[in-house]
Amino acid sequence: MRFTTTLVLAAALAGVTFAGASGQERIDGAAIAKKGLPNVRACESCHTGVDAPLLNGQLEFYIAQQLSDFRNGFRVSEACAPAAKGLNEKQSAAVAKYYNEQPRKKAPVPDEDAALIEKGKEMVLNGDVPRDIFPCSRCHGGDGRGGDFAALAGQNPAYTLKQVQDLRTGKRENDELGIMQAIAQKLTDDDVKAAAAYFHQAVK
Ligand code: HEC
Ligand code: HEC
């Protein structure tokens with residue numbers, strides 16, 4: 001997939017530049033996350049997995065890409081845009097690296113019911129062949145911890161559902177090749193609620 005290769009390459013190059021610069025100019029990703037900057041609210045003040053998505057253990061290039069998209073308006077969030085706009089490229093890279101290194105955890109919201117989780121497991125691991133839906137695990141990692149694309153394990157089910165709805169309606173359209181937007185067209189809310197229930201409890 002050329003898109004992935006480009007992203008990985010871009011992330012690798014960004015890493016090189018960052019490492020090169022960090023001698024003189026050490027940017028503390030942990031401090032940005034926990035305390036913020038004079039012009040940026042601490043990420044942790046929102047990103048607990050309740051009202052804003054979990055970032056711990058998320059793919060580094062994915063975090064940096066989303067921040068860049070919020071900054072440029074390719075992805076819209078009134079809540080997150082001010083923080084994203086307050087960061088420069090190097091600060092974004094540092095905070096993305098920090099979050100990637102934190103262990104993935106489970107959003108502190110109640111588990112969904114067992115039958116829904118079981119239904120979701122089927123969708124995540126096997127997809128729905130007659131409806132031409134690939135298993136989510138093929139792209140998001142067997143355990144949902146991120147494969148080629150974003151980690152979904154542990155994520156708040158309400159957030160997972162909202163993202164697929166936004167991708168389906170085109171409210172979110174930063175998925176460059178439209179891969180997930182196309183999949184979202186085939187998914188019903190019930191499919192996504194089930195997959196989201198499974199992903200949420202896939203981290204202890
Ligand atoms: C005022 C609350 C708030 C603050 C502060 C905030 N965010 Fe966000 N952020 C959000 C919300 C809400 C979303 C979900 C937007 C949506 O529904 O699409 C989000 C989404 C994101 C996403 C996309 C996650 C995904 O899984 O797609 C990333 C990455 C992100 N924020 C990083 C950060 C970082 C890094 C900081 C600190 C520099 C930060 N945010 C500060 C509220 C906030
Ligand atoms: C062919 C690959 C592929 C498959 C299969 C796939 N996705 Fe995705 N998904 C993507 C891509 C690409 C994105 C866009 C963002 C990115 O770069 O990770 C995405 C993004 C998402 C997001 C937004 C993540 C976030 O943190 O905001 C959710 C939620 C999601 N997918 C759910 C699912 C579910 C549920 C399934 C299974 C029913 C699924 N996906 C199957 C490729 C895929």
# chains A, B, ... in the order shown; residues from 1 in each chain; ligands from 1
>>> residues_near_ligand(ligand="ligand 1", cutoff="8 Å", atoms="only C-alpha atoms and all ligand atoms", output="MDAnalysis selection string")
chainID A and resid 32:33 36 40:47 51:55 58 62:67 75:84 86:87 92 95:96 99 150:152 159 162:163 166 172
>>> write_last_selection(atoms="N, CA and C atoms", output="short mmCIF file (atom, residue, chain, number, x, y, z; two decimals), in the first residue's frame")
data_model
loop_
_atom_site.label_atom_id
_atom_site.label_comp_id
_atom_site.auth_asym_id
_atom_site.auth_seq_id
_atom_site.Cartn_x
_atom_site.Cartn_y
_atom_site.Cartn_z
N ILE A 32 4.39 18.31 27.79
CA ILE A 32 3.28 18.86 26.98
C ILE A 32 2.00 18.11 27.32
N ALA A 33 2.11 16.77 27.40
CA ALA A 33 0.93 15.95 27.69
C ALA A 33 0.35 16.26 29.07
N GLY A 36 1.01 20.84 29.60
CA GLY A 36 0.71 21.77 28.52
C GLY A 36 1.83 22.78 28.34
N VAL A 40 -1.02 26.14 25.28
CA VAL A 40 -1.65 24.84 24.96
C VAL A 40 -2.10 24.16 26.25
N ARG A 41 -3.37 23.82 26.30
CA ARG A 41 -3.87 23.08 27.47
C ARG A 41 -3.26 21.69 27.51
N ALA A 42 -3.02 21.18 28.71
CA ALA A 42 -2.47 19.82 28.85
C ALA A 42 -3.38 18.82 28.13
N CYS A 43 -2.79 17.96 27.31
CA CYS A 43 -3.57 16.94 26.60
C CYS A 43 -4.34 16.08 27.62
N GLU A 44 -3.67 15.78 28.75
CA GLU A 44 -4.26 14.89 29.75
C GLU A 44 -5.52 15.47 30.38
N SER A 45 -5.70 16.79 30.30
CA SER A 45 -6.90 17.37 30.90
C SER A 45 -8.15 16.93 30.15
N CYS A 46 -8.00 16.48 28.93
CA CYS A 46 -9.15 15.96 28.16
C CYS A 46 -9.02 14.47 27.83
N HIS A 47 -7.81 14.04 27.47
CA HIS A 47 -7.63 12.70 26.88
C HIS A 47 -7.55 11.57 27.90
N ASP A 51 -14.18 11.66 27.85
CA ASP A 51 -14.73 12.64 26.90
C ASP A 51 -13.87 12.83 25.66
N ALA A 52 -12.66 12.37 25.71
CA ALA A 52 -11.78 12.44 24.53
C ALA A 52 -11.02 11.11 24.44
N PRO A 53 -10.65 10.71 23.21
CA PRO A 53 -10.10 9.36 23.00
C PRO A 53 -8.79 9.10 23.74
N LEU A 54 -8.57 7.83 24.05
CA LEU A 54 -7.28 7.40 24.61
C LEU A 54 -6.19 7.62 23.58
N LEU A 55 -5.04 8.06 24.02
CA LEU A 55 -3.90 8.23 23.13
C LEU A 55 -2.75 7.29 23.50
N GLN A 58 -0.99 4.66 21.16
CA GLN A 58 -1.46 4.89 19.78
C GLN A 58 -0.24 4.98 18.86
N TYR A 62 0.35 8.11 13.45
CA TYR A 62 -1.08 8.42 13.41
C TYR A 62 -1.38 9.65 14.27
N ILE A 63 -0.80 9.71 15.46
CA ILE A 63 -1.03 10.88 16.33
C ILE A 63 -0.52 12.15 15.64
N ALA A 64 0.69 12.08 15.12
CA ALA A 64 1.27 13.26 14.47
C ALA A 64 0.42 13.69 13.28
N GLN A 65 -0.08 12.70 12.53
CA GLN A 65 -0.93 13.01 11.36
C GLN A 65 -2.23 13.69 11.77
N GLN A 66 -2.87 13.18 12.84
CA GLN A 66 -4.13 13.78 13.28
C GLN A 66 -3.91 15.21 13.76
N LEU A 67 -2.82 15.43 14.49
CA LEU A 67 -2.53 16.78 14.97
C LEU A 67 -2.33 17.73 13.79
N ARG A 75 -9.12 17.74 9.43
CA ARG A 75 -10.02 17.07 10.36
C ARG A 75 -10.51 18.14 11.34
N VAL A 76 -11.82 18.10 11.62
CA VAL A 76 -12.41 19.19 12.40
C VAL A 76 -12.73 18.72 13.81
N SER A 77 -12.22 19.43 14.83
CA SER A 77 -12.65 19.22 16.20
C SER A 77 -12.49 20.55 16.93
N GLU A 78 -13.61 21.11 17.34
CA GLU A 78 -13.53 22.38 18.07
C GLU A 78 -12.75 22.22 19.34
N ALA A 79 -12.88 21.02 19.96
CA ALA A 79 -12.20 20.80 21.24
C ALA A 79 -10.70 20.70 21.07
N CYS A 80 -10.26 19.96 20.05
CA CYS A 80 -8.83 19.65 19.95
C CYS A 80 -8.04 20.64 19.09
N ALA A 81 -8.71 21.32 18.20
CA ALA A 81 -7.98 22.21 17.28
C ALA A 81 -7.12 23.26 17.99
N PRO A 82 -7.63 23.90 19.06
CA PRO A 82 -6.78 24.93 19.70
C PRO A 82 -5.45 24.35 20.20
N ALA A 83 -5.50 23.15 20.79
CA ALA A 83 -4.26 22.53 21.28
C ALA A 83 -3.35 22.20 20.09
N ALA A 84 -3.94 21.58 19.04
CA ALA A 84 -3.14 21.19 17.88
C ALA A 84 -2.49 22.42 17.23
N GLY A 86 -1.61 25.10 18.64
CA GLY A 86 -0.57 25.67 19.49
C GLY A 86 0.77 24.95 19.42
N LEU A 87 0.79 23.79 18.74
CA LEU A 87 2.02 22.99 18.67
C LEU A 87 2.69 23.18 17.31
N SER A 92 4.70 18.47 18.18
CA SER A 92 3.75 17.39 17.83
C SER A 92 4.47 16.05 17.81
N VAL A 95 5.24 14.87 21.41
CA VAL A 95 4.09 14.40 22.19
C VAL A 95 3.56 13.08 21.59
N ALA A 96 3.66 12.93 20.26
CA ALA A 96 3.25 11.67 19.61
C ALA A 96 4.14 10.52 20.09
N TYR A 99 3.22 9.62 23.80
CA TYR A 99 2.00 8.81 23.94
C TYR A 99 2.20 7.40 23.41
N ALA A 150 -4.66 2.85 12.80
CA ALA A 150 -4.85 3.23 14.20
C ALA A 150 -5.18 2.08 15.16
N ALA A 151 -4.66 2.19 16.39
CA ALA A 151 -5.02 1.27 17.47
C ALA A 151 -6.45 1.57 17.92
N LEU A 152 -7.24 0.53 18.13
CA LEU A 152 -8.62 0.70 18.60
C LEU A 152 -8.84 0.01 19.94
N TYR A 159 -16.68 6.66 21.41
CA TYR A 159 -15.77 7.37 20.49
C TYR A 159 -15.62 6.58 19.18
N LYS A 162 -18.68 7.06 17.13
CA LYS A 162 -18.77 8.41 16.55
C LYS A 162 -17.84 8.57 15.36
N GLN A 163 -16.65 8.02 15.44
CA GLN A 163 -15.70 8.17 14.33
C GLN A 163 -16.21 7.48 13.07
N ASP A 166 -18.93 9.55 11.66
CA ASP A 166 -18.39 10.76 11.01
C ASP A 166 -17.72 10.42 9.67
N ARG A 172 -16.00 13.51 8.87
CA ARG A 172 -14.55 13.29 8.95
C ARG A 172 -14.09 12.75 7.60
#
>>> closest_atom_pairs(of="chain A", to="ligand 2", cutoff="7 Å", atoms="only C-alpha atoms and all ligand atoms", output="CSV")
residue,atom,partner,partner_atom_place_in_ligand_line,distance
A:Tyr62,CA,ligand 2,17 (O),6.1
A:Met123,CA,ligand 2,38 (C),6.0
A:Val124,CA,ligand 2,37 (C),5.6
A:Gly127,CA,ligand 2,38 (C),6.6
A:Ile133,CA,ligand 2,38 (C),6.9
A:Phe134,CA,ligand 2,5 (C),4.6
A:Pro135,CA,ligand 2,5 (C),5.3
A:Cys136,CA,ligand 2,37 (C),3.3
A:Ser137,CA,ligand 2,5 (C),6.8
A:Arg138,CA,ligand 2,5 (C),5.5
A:Cys139,CA,ligand 2,2 (C),4.4
A:His140,CA,ligand 2,7 (N),6.2
A:Phe149,CA,ligand 2,18 (O),3.8
A:Ala150,CA,ligand 2,18 (O),3.9
A:Ala151,CA,ligand 2,26 (O),6.6
A:Leu152,CA,ligand 2,26 (O),6.2
A:Thr160,CA,ligand 2,29 (C),4.1
A:Leu161,CA,ligand 2,29 (C),6.4
A:Gln163,CA,ligand 2,29 (C),5.1
A:Val164,CA,ligand 2,29 (C),5.3
A:Asp175,CA,ligand 2,14 (C),4.8
A:Ile179,CA,ligand 2,12 (C),5.1
A:Met180,CA,ligand 2,10 (C),4.4
A:Ile183,CA,ligand 2,41 (C),6.6
A:Leu187,CA,ligand 2,38 (C),6.8
A:Asp191,CA,ligand 2,38 (C),7.0
A:Val192,CA,ligand 2,35 (C),5.2
A:Ala195,CA,ligand 2,35 (C),5.3
A:Ala196,CA,ligand 2,35 (C),6.3
>>> write_last_selection(atoms="N, CA and C atoms", output="PDB file, in the first residue's frame")
ATOM      1  N   TYR A  62       0.350   8.109  13.447  1.00  0.00           N
ATOM      2  CA  TYR A  62      -1.081   8.417  13.405  1.00  0.00           C
ATOM      3  C   TYR A  62      -1.383   9.653  14.266  1.00  0.00           C
ATOM      4  N   MET A 123     -16.952  -9.948  14.151  1.00  0.00           N
ATOM      5  CA  MET A 123     -16.717  -8.899  13.149  1.00  0.00           C
ATOM      6  C   MET A 123     -15.241  -8.500  13.114  1.00  0.00           C
ATOM      7  N   VAL A 124     -14.659  -8.345  14.289  1.00  0.00           N
ATOM      8  CA  VAL A 124     -13.268  -7.895  14.358  1.00  0.00           C
ATOM      9  C   VAL A 124     -12.316  -8.940  13.766  1.00  0.00           C
ATOM     10  N   GLY A 127     -14.675 -10.532  10.108  1.00  0.00           N
ATOM     11  CA  GLY A 127     -15.397  -9.671   9.176  1.00  0.00           C
ATOM     12  C   GLY A 127     -16.736 -10.284   8.808  1.00  0.00           C
ATOM     13  N   ILE A 133     -17.119  -7.276   3.889  1.00  0.00           N
ATOM     14  CA  ILE A 133     -16.477  -6.471   4.942  1.00  0.00           C
ATOM     15  C   ILE A 133     -15.258  -7.238   5.473  1.00  0.00           C
ATOM     16  N   PHE A 134     -14.114  -6.631   5.335  1.00  0.00           N
ATOM     17  CA  PHE A 134     -12.880  -7.252   5.830  1.00  0.00           C
ATOM     18  C   PHE A 134     -12.850  -7.227   7.354  1.00  0.00           C
ATOM     19  N   PRO A 135     -12.142  -8.188   7.972  1.00  0.00           N
ATOM     20  CA  PRO A 135     -11.985  -8.132   9.434  1.00  0.00           C
ATOM     21  C   PRO A 135     -11.262  -6.840   9.838  1.00  0.00           C
ATOM     22  N   CYS A 136     -11.766  -6.176  10.863  1.00  0.00           N
ATOM     23  CA  CYS A 136     -11.119  -4.942  11.353  1.00  0.00           C
ATOM     24  C   CYS A 136      -9.666  -5.243  11.719  1.00  0.00           C
ATOM     25  N   SER A 137      -9.445  -6.458  12.249  1.00  0.00           N
ATOM     26  CA  SER A 137      -8.112  -6.822  12.743  1.00  0.00           C
ATOM     27  C   SER A 137      -7.068  -6.815  11.634  1.00  0.00           C
ATOM     28  N   ARG A 138      -7.512  -6.971  10.392  1.00  0.00           N
ATOM     29  CA  ARG A 138      -6.543  -7.016   9.299  1.00  0.00           C
ATOM     30  C   ARG A 138      -5.775  -5.687   9.196  1.00  0.00           C
ATOM     31  N   CYS A 139      -6.424  -4.609   9.499  1.00  0.00           N
ATOM     32  CA  CYS A 139      -5.768  -3.297   9.383  1.00  0.00           C
ATOM     33  C   CYS A 139      -5.438  -2.671  10.742  1.00  0.00           C
ATOM     34  N   HIS A 140      -6.266  -2.984  11.755  1.00  0.00           N
ATOM     35  CA  HIS A 140      -6.081  -2.319  13.057  1.00  0.00           C
ATOM     36  C   HIS A 140      -5.313  -3.190  14.046  1.00  0.00           C
ATOM     37  N   PHE A 149      -2.814   0.562  10.609  1.00  0.00           N
ATOM     38  CA  PHE A 149      -3.624   1.738  10.927  1.00  0.00           C
ATOM     39  C   PHE A 149      -3.920   1.803  12.431  1.00  0.00           C
ATOM     40  N   ALA A 150      -4.658   2.849  12.800  1.00  0.00           N
ATOM     41  CA  ALA A 150      -4.846   3.226  14.204  1.00  0.00           C
ATOM     42  C   ALA A 150      -5.177   2.078  15.162  1.00  0.00           C
ATOM     43  N   ALA A 151      -4.657   2.192  16.386  1.00  0.00           N
ATOM     44  CA  ALA A 151      -5.021   1.274  17.466  1.00  0.00           C
ATOM     45  C   ALA A 151      -6.449   1.572  17.921  1.00  0.00           C
ATOM     46  N   LEU A 152      -7.242   0.530  18.125  1.00  0.00           N
ATOM     47  CA  LEU A 152      -8.619   0.703  18.600  1.00  0.00           C
ATOM     48  C   LEU A 152      -8.839   0.006  19.944  1.00  0.00           C
ATOM     49  N   THR A 160     -15.426   5.266  19.297  1.00  0.00           N
ATOM     50  CA  THR A 160     -15.275   4.422  18.105  1.00  0.00           C
ATOM     51  C   THR A 160     -16.503   4.561  17.206  1.00  0.00           C
ATOM     52  N   LEU A 161     -17.677   4.513  17.823  1.00  0.00           N
ATOM     53  CA  LEU A 161     -18.914   4.636  17.040  1.00  0.00           C
ATOM     54  C   LEU A 161     -18.987   6.016  16.369  1.00  0.00           C
ATOM     55  N   GLN A 163     -16.646   8.016  15.441  1.00  0.00           N
ATOM     56  CA  GLN A 163     -15.704   8.170  14.334  1.00  0.00           C
ATOM     57  C   GLN A 163     -16.212   7.483  13.070  1.00  0.00           C
ATOM     58  N   VAL A 164     -16.742   6.259  13.235  1.00  0.00           N
ATOM     59  CA  VAL A 164     -17.234   5.560  12.039  1.00  0.00           C
ATOM     60  C   VAL A 164     -18.436   6.315  11.462  1.00  0.00           C
ATOM     61  N   ASP A 175      -9.199  10.695   5.971  1.00  0.00           N
ATOM     62  CA  ASP A 175      -8.714   9.359   5.649  1.00  0.00           C
ATOM     63  C   ASP A 175      -8.306   9.419   4.174  1.00  0.00           C
ATOM     64  N   ILE A 179     -10.044   4.845   2.482  1.00  0.00           N
ATOM     65  CA  ILE A 179     -10.158   3.404   2.777  1.00  0.00           C
ATOM     66  C   ILE A 179     -11.234   3.171   3.845  1.00  0.00           C
ATOM     67  N   MET A 180     -11.099   3.897   4.963  1.00  0.00           N
ATOM     68  CA  MET A 180     -12.045   3.678   6.062  1.00  0.00           C
ATOM     69  C   MET A 180     -13.402   4.292   5.746  1.00  0.00           C
ATOM     70  N   ILE A 183     -15.232   1.648   3.923  1.00  0.00           N
ATOM     71  CA  ILE A 183     -15.686   0.566   4.811  1.00  0.00           C
ATOM     72  C   ILE A 183     -16.870   1.042   5.648  1.00  0.00           C
ATOM     73  N   LEU A 187     -20.912  -0.452   6.980  1.00  0.00           N
ATOM     74  CA  LEU A 187     -21.146  -0.827   8.380  1.00  0.00           C
ATOM     75  C   LEU A 187     -22.393  -0.146   8.926  1.00  0.00           C
ATOM     76  N   ASP A 191     -23.281  -3.003  13.777  1.00  0.00           N
ATOM     77  CA  ASP A 191     -21.983  -3.644  13.521  1.00  0.00           C
ATOM     78  C   ASP A 191     -20.897  -2.958  14.342  1.00  0.00           C
ATOM     79  N   VAL A 192     -20.919  -1.626  14.296  1.00  0.00           N
ATOM     80  CA  VAL A 192     -19.831  -0.866  14.918  1.00  0.00           C
ATOM     81  C   VAL A 192     -19.935  -0.926  16.440  1.00  0.00           C
ATOM     82  N   ALA A 195     -18.374  -4.259  17.358  1.00  0.00           N
ATOM     83  CA  ALA A 195     -16.904  -4.260  17.218  1.00  0.00           C
ATOM     84  C   ALA A 195     -16.278  -3.384  18.302  1.00  0.00           C
ATOM     85  N   ALA A 196     -16.905  -2.247  18.570  1.00  0.00           N
ATOM     86  CA  ALA A 196     -16.370  -1.303  19.568  1.00  0.00           C
ATOM     87  C   ALA A 196     -16.400  -1.918  20.971  1.00  0.00           C
TER      88      ALA A 196
END
